[in-house]
Amino acid sequence: MNTTAAQIPNHLVWAILATLFCCLPGGIVSIVYAAQVNGKIAAGDLAGARDSSDKAKKWAMWSAIAGVIVAVLYVVLVMAMGGLGALSNSGY
């Protein structure tokens with residue numbers, strides 16, 4: 001196998017982790033692109049494999065970022081609702 005082809009990562013692990021723990025829709029897109037990398041390398045389409053690899057990485061990264069943002073917003077919302085509940089119950 002060509003040494004250049006071996007240097008194109010498929011980012012499948014990151015895509016799966018992003019799907020499981022962060023953002024399901026973006027993670028699925030990342031898995032699809034990651035799954036295309038090895039097939040394109042086998043077919044000799046190194047430019048296509050590199051493009052799919054870059055897209056898989058981008059989608060996994062953005063899925064992880066979206067998951068963190070949603071988690072932070074959820075915590076802020078729960079804290080705000082808990083604070084409002086404590087304020088409304090303090091009058092009794």
# chains A, B, ... in the order shown; residues from 1 in each chain; ligands from 1
>>> residues_around(residues="Cys23 (chain A)", least_positions_apart="3", cutoff="8 Å", atoms="only C-alpha atoms", output="NGL selection string")
:A and (18-20 or 26-27 or 63-64 or 66-67)
>>> write_last_selection(atoms="C-alpha atoms", output="short mmCIF file (atom, residue, chain, number, x, y, z; two decimals), in the first residue's frame")
data_model
loop_
_atom_site.label_atom_id
_atom_site.label_comp_id
_atom_site.auth_asym_id
_atom_site.auth_seq_id
_atom_site.Cartn_x
_atom_site.Cartn_y
_atom_site.Cartn_z
CA ALA A 18 -19.44 12.47 18.75
CA THR A 19 -22.56 10.51 17.78
CA LEU A 20 -22.86 8.76 21.13
CA GLY A 26 -23.90 15.68 13.06
CA GLY A 27 -22.21 12.53 14.32
CA SER A 63 -20.90 17.89 16.69
CA ALA A 64 -18.73 17.88 19.81
CA ALA A 66 -22.67 21.63 19.61
CA GLY A 67 -22.97 18.97 22.31
#
>>> atom_distance(atom1="CA of Ala42 (chain A)", atom2="CA of Asp54 (chain A)")
17.4 Å
>>> atom_distance(atom1="CA of Pro25 (chain A)", atom2="CA of Ser52 (chain A)")
17.1 Å
>>> atom_distance(atom1="CA of Ala56 (chain A)", atom2="CA of His11 (chain A)")
6.4 Å
>>> decode(residues="region 22-65 of chain A", atoms="N, CA and C atoms", output="short mmCIF file (atom, residue, chain, number, x, y, z; two decimals), in the first residue's frame")
data_model
loop_
_atom_site.label_atom_id
_atom_site.label_comp_id
_atom_site.auth_asym_id
_atom_site.auth_seq_id
_atom_site.Cartn_x
_atom_site.Cartn_y
_atom_site.Cartn_z
N CYS A 22 -22.44 13.46 21.97
CA CYS A 22 -22.60 14.89 21.71
C CYS A 22 -23.85 15.22 20.90
N CYS A 23 -23.76 15.02 19.62
CA CYS A 23 -24.84 15.47 18.73
C CYS A 23 -25.12 14.37 17.70
N LEU A 24 -26.24 13.72 17.83
CA LEU A 24 -26.56 12.57 16.99
C LEU A 24 -26.58 12.90 15.48
N PRO A 25 -27.29 13.93 15.03
CA PRO A 25 -27.34 14.16 13.57
C PRO A 25 -25.98 14.46 12.96
N GLY A 26 -25.22 15.34 13.59
CA GLY A 26 -23.90 15.68 13.06
C GLY A 26 -22.95 14.51 13.14
N GLY A 27 -23.06 13.70 14.18
CA GLY A 27 -22.21 12.53 14.32
C GLY A 27 -22.49 11.49 13.24
N ILE A 28 -23.74 11.35 12.87
CA ILE A 28 -24.08 10.39 11.80
C ILE A 28 -23.48 10.84 10.47
N VAL A 29 -23.55 12.12 10.20
CA VAL A 29 -22.93 12.64 8.97
C VAL A 29 -21.43 12.37 8.99
N SER A 30 -20.81 12.56 10.15
CA SER A 30 -19.39 12.31 10.30
C SER A 30 -19.06 10.84 10.07
N ILE A 31 -19.90 9.94 10.58
CA ILE A 31 -19.68 8.50 10.37
C ILE A 31 -19.77 8.16 8.89
N VAL A 32 -20.70 8.75 8.19
CA VAL A 32 -20.85 8.47 6.75
C VAL A 32 -19.59 8.88 6.00
N TYR A 33 -19.08 10.07 6.28
CA TYR A 33 -17.85 10.52 5.61
C TYR A 33 -16.66 9.66 6.02
N ALA A 34 -16.58 9.29 7.29
CA ALA A 34 -15.47 8.46 7.76
C ALA A 34 -15.49 7.09 7.09
N ALA A 35 -16.67 6.56 6.86
CA ALA A 35 -16.79 5.24 6.22
C ALA A 35 -16.37 5.29 4.75
N GLN A 36 -16.41 6.44 4.14
CA GLN A 36 -16.03 6.56 2.72
C GLN A 36 -14.53 6.59 2.51
N VAL A 37 -13.76 6.92 3.53
CA VAL A 37 -12.33 7.14 3.36
C VAL A 37 -11.61 5.89 2.88
N ASN A 38 -11.76 4.78 3.57
CA ASN A 38 -11.02 3.56 3.21
C ASN A 38 -11.39 3.05 1.82
N GLY A 39 -12.66 3.15 1.47
CA GLY A 39 -13.09 2.73 0.14
C GLY A 39 -12.47 3.57 -0.97
N LYS A 40 -12.37 4.86 -0.72
CA LYS A 40 -11.76 5.74 -1.72
C LYS A 40 -10.26 5.51 -1.82
N ILE A 41 -9.62 5.20 -0.69
CA ILE A 41 -8.19 4.87 -0.74
C ILE A 41 -7.99 3.59 -1.55
N ALA A 42 -8.82 2.59 -1.31
CA ALA A 42 -8.71 1.32 -2.05
C ALA A 42 -8.94 1.51 -3.54
N ALA A 43 -9.81 2.47 -3.89
CA ALA A 43 -10.09 2.73 -5.29
C ALA A 43 -9.03 3.62 -5.94
N GLY A 44 -8.10 4.14 -5.13
CA GLY A 44 -7.06 4.99 -5.66
C GLY A 44 -7.42 6.46 -5.71
N ASP A 45 -8.56 6.82 -5.17
CA ASP A 45 -9.01 8.21 -5.17
C ASP A 45 -8.50 8.90 -3.89
N LEU A 46 -7.22 9.27 -3.92
CA LEU A 46 -6.62 9.86 -2.72
C LEU A 46 -7.17 11.25 -2.43
N ALA A 47 -7.47 12.01 -3.47
CA ALA A 47 -8.05 13.35 -3.25
C ALA A 47 -9.43 13.23 -2.63
N GLY A 48 -10.22 12.30 -3.11
CA GLY A 48 -11.55 12.07 -2.55
C GLY A 48 -11.48 11.55 -1.13
N ALA A 49 -10.49 10.68 -0.86
CA ALA A 49 -10.32 10.16 0.50
C ALA A 49 -9.92 11.26 1.46
N ARG A 50 -9.03 12.14 1.02
CA ARG A 50 -8.62 13.27 1.85
C ARG A 50 -9.79 14.21 2.11
N ASP A 51 -10.61 14.44 1.09
CA ASP A 51 -11.79 15.30 1.25
C ASP A 51 -12.79 14.69 2.23
N SER A 52 -13.04 13.40 2.10
CA SER A 52 -13.96 12.73 3.03
C SER A 52 -13.40 12.73 4.45
N SER A 53 -12.09 12.56 4.58
CA SER A 53 -11.45 12.59 5.89
C SER A 53 -11.60 13.97 6.53
N ASP A 54 -11.37 15.00 5.75
CA ASP A 54 -11.51 16.37 6.27
C ASP A 54 -12.95 16.66 6.69
N LYS A 55 -13.90 16.19 5.87
CA LYS A 55 -15.32 16.41 6.21
C LYS A 55 -15.73 15.63 7.45
N ALA A 56 -15.22 14.40 7.59
CA ALA A 56 -15.53 13.61 8.78
C ALA A 56 -14.99 14.29 10.03
N LYS A 57 -13.79 14.81 9.94
CA LYS A 57 -13.18 15.52 11.08
C LYS A 57 -13.98 16.78 11.41
N LYS A 58 -14.36 17.53 10.38
CA LYS A 58 -15.11 18.77 10.58
C LYS A 58 -16.46 18.49 11.24
N TRP A 59 -17.17 17.50 10.75
CA TRP A 59 -18.49 17.18 11.31
C TRP A 59 -18.39 16.65 12.74
N ALA A 60 -17.36 15.84 13.02
CA ALA A 60 -17.17 15.34 14.38
C ALA A 60 -16.85 16.48 15.33
N MET A 61 -16.00 17.40 14.88
CA MET A 61 -15.62 18.53 15.72
C MET A 61 -16.82 19.43 16.00
N TRP A 62 -17.58 19.75 14.99
CA TRP A 62 -18.74 20.62 15.18
C TRP A 62 -19.83 19.92 15.99
N SER A 63 -19.94 18.63 15.87
CA SER A 63 -20.90 17.89 16.69
C SER A 63 -20.50 17.95 18.16
N ALA A 64 -19.21 17.79 18.43
CA ALA A 64 -18.73 17.88 19.81
C ALA A 64 -18.95 19.28 20.38
N ILE A 65 -18.67 20.30 19.58
CA ILE A 65 -18.89 21.68 20.02
C ILE A 65 -20.37 21.93 20.30
#
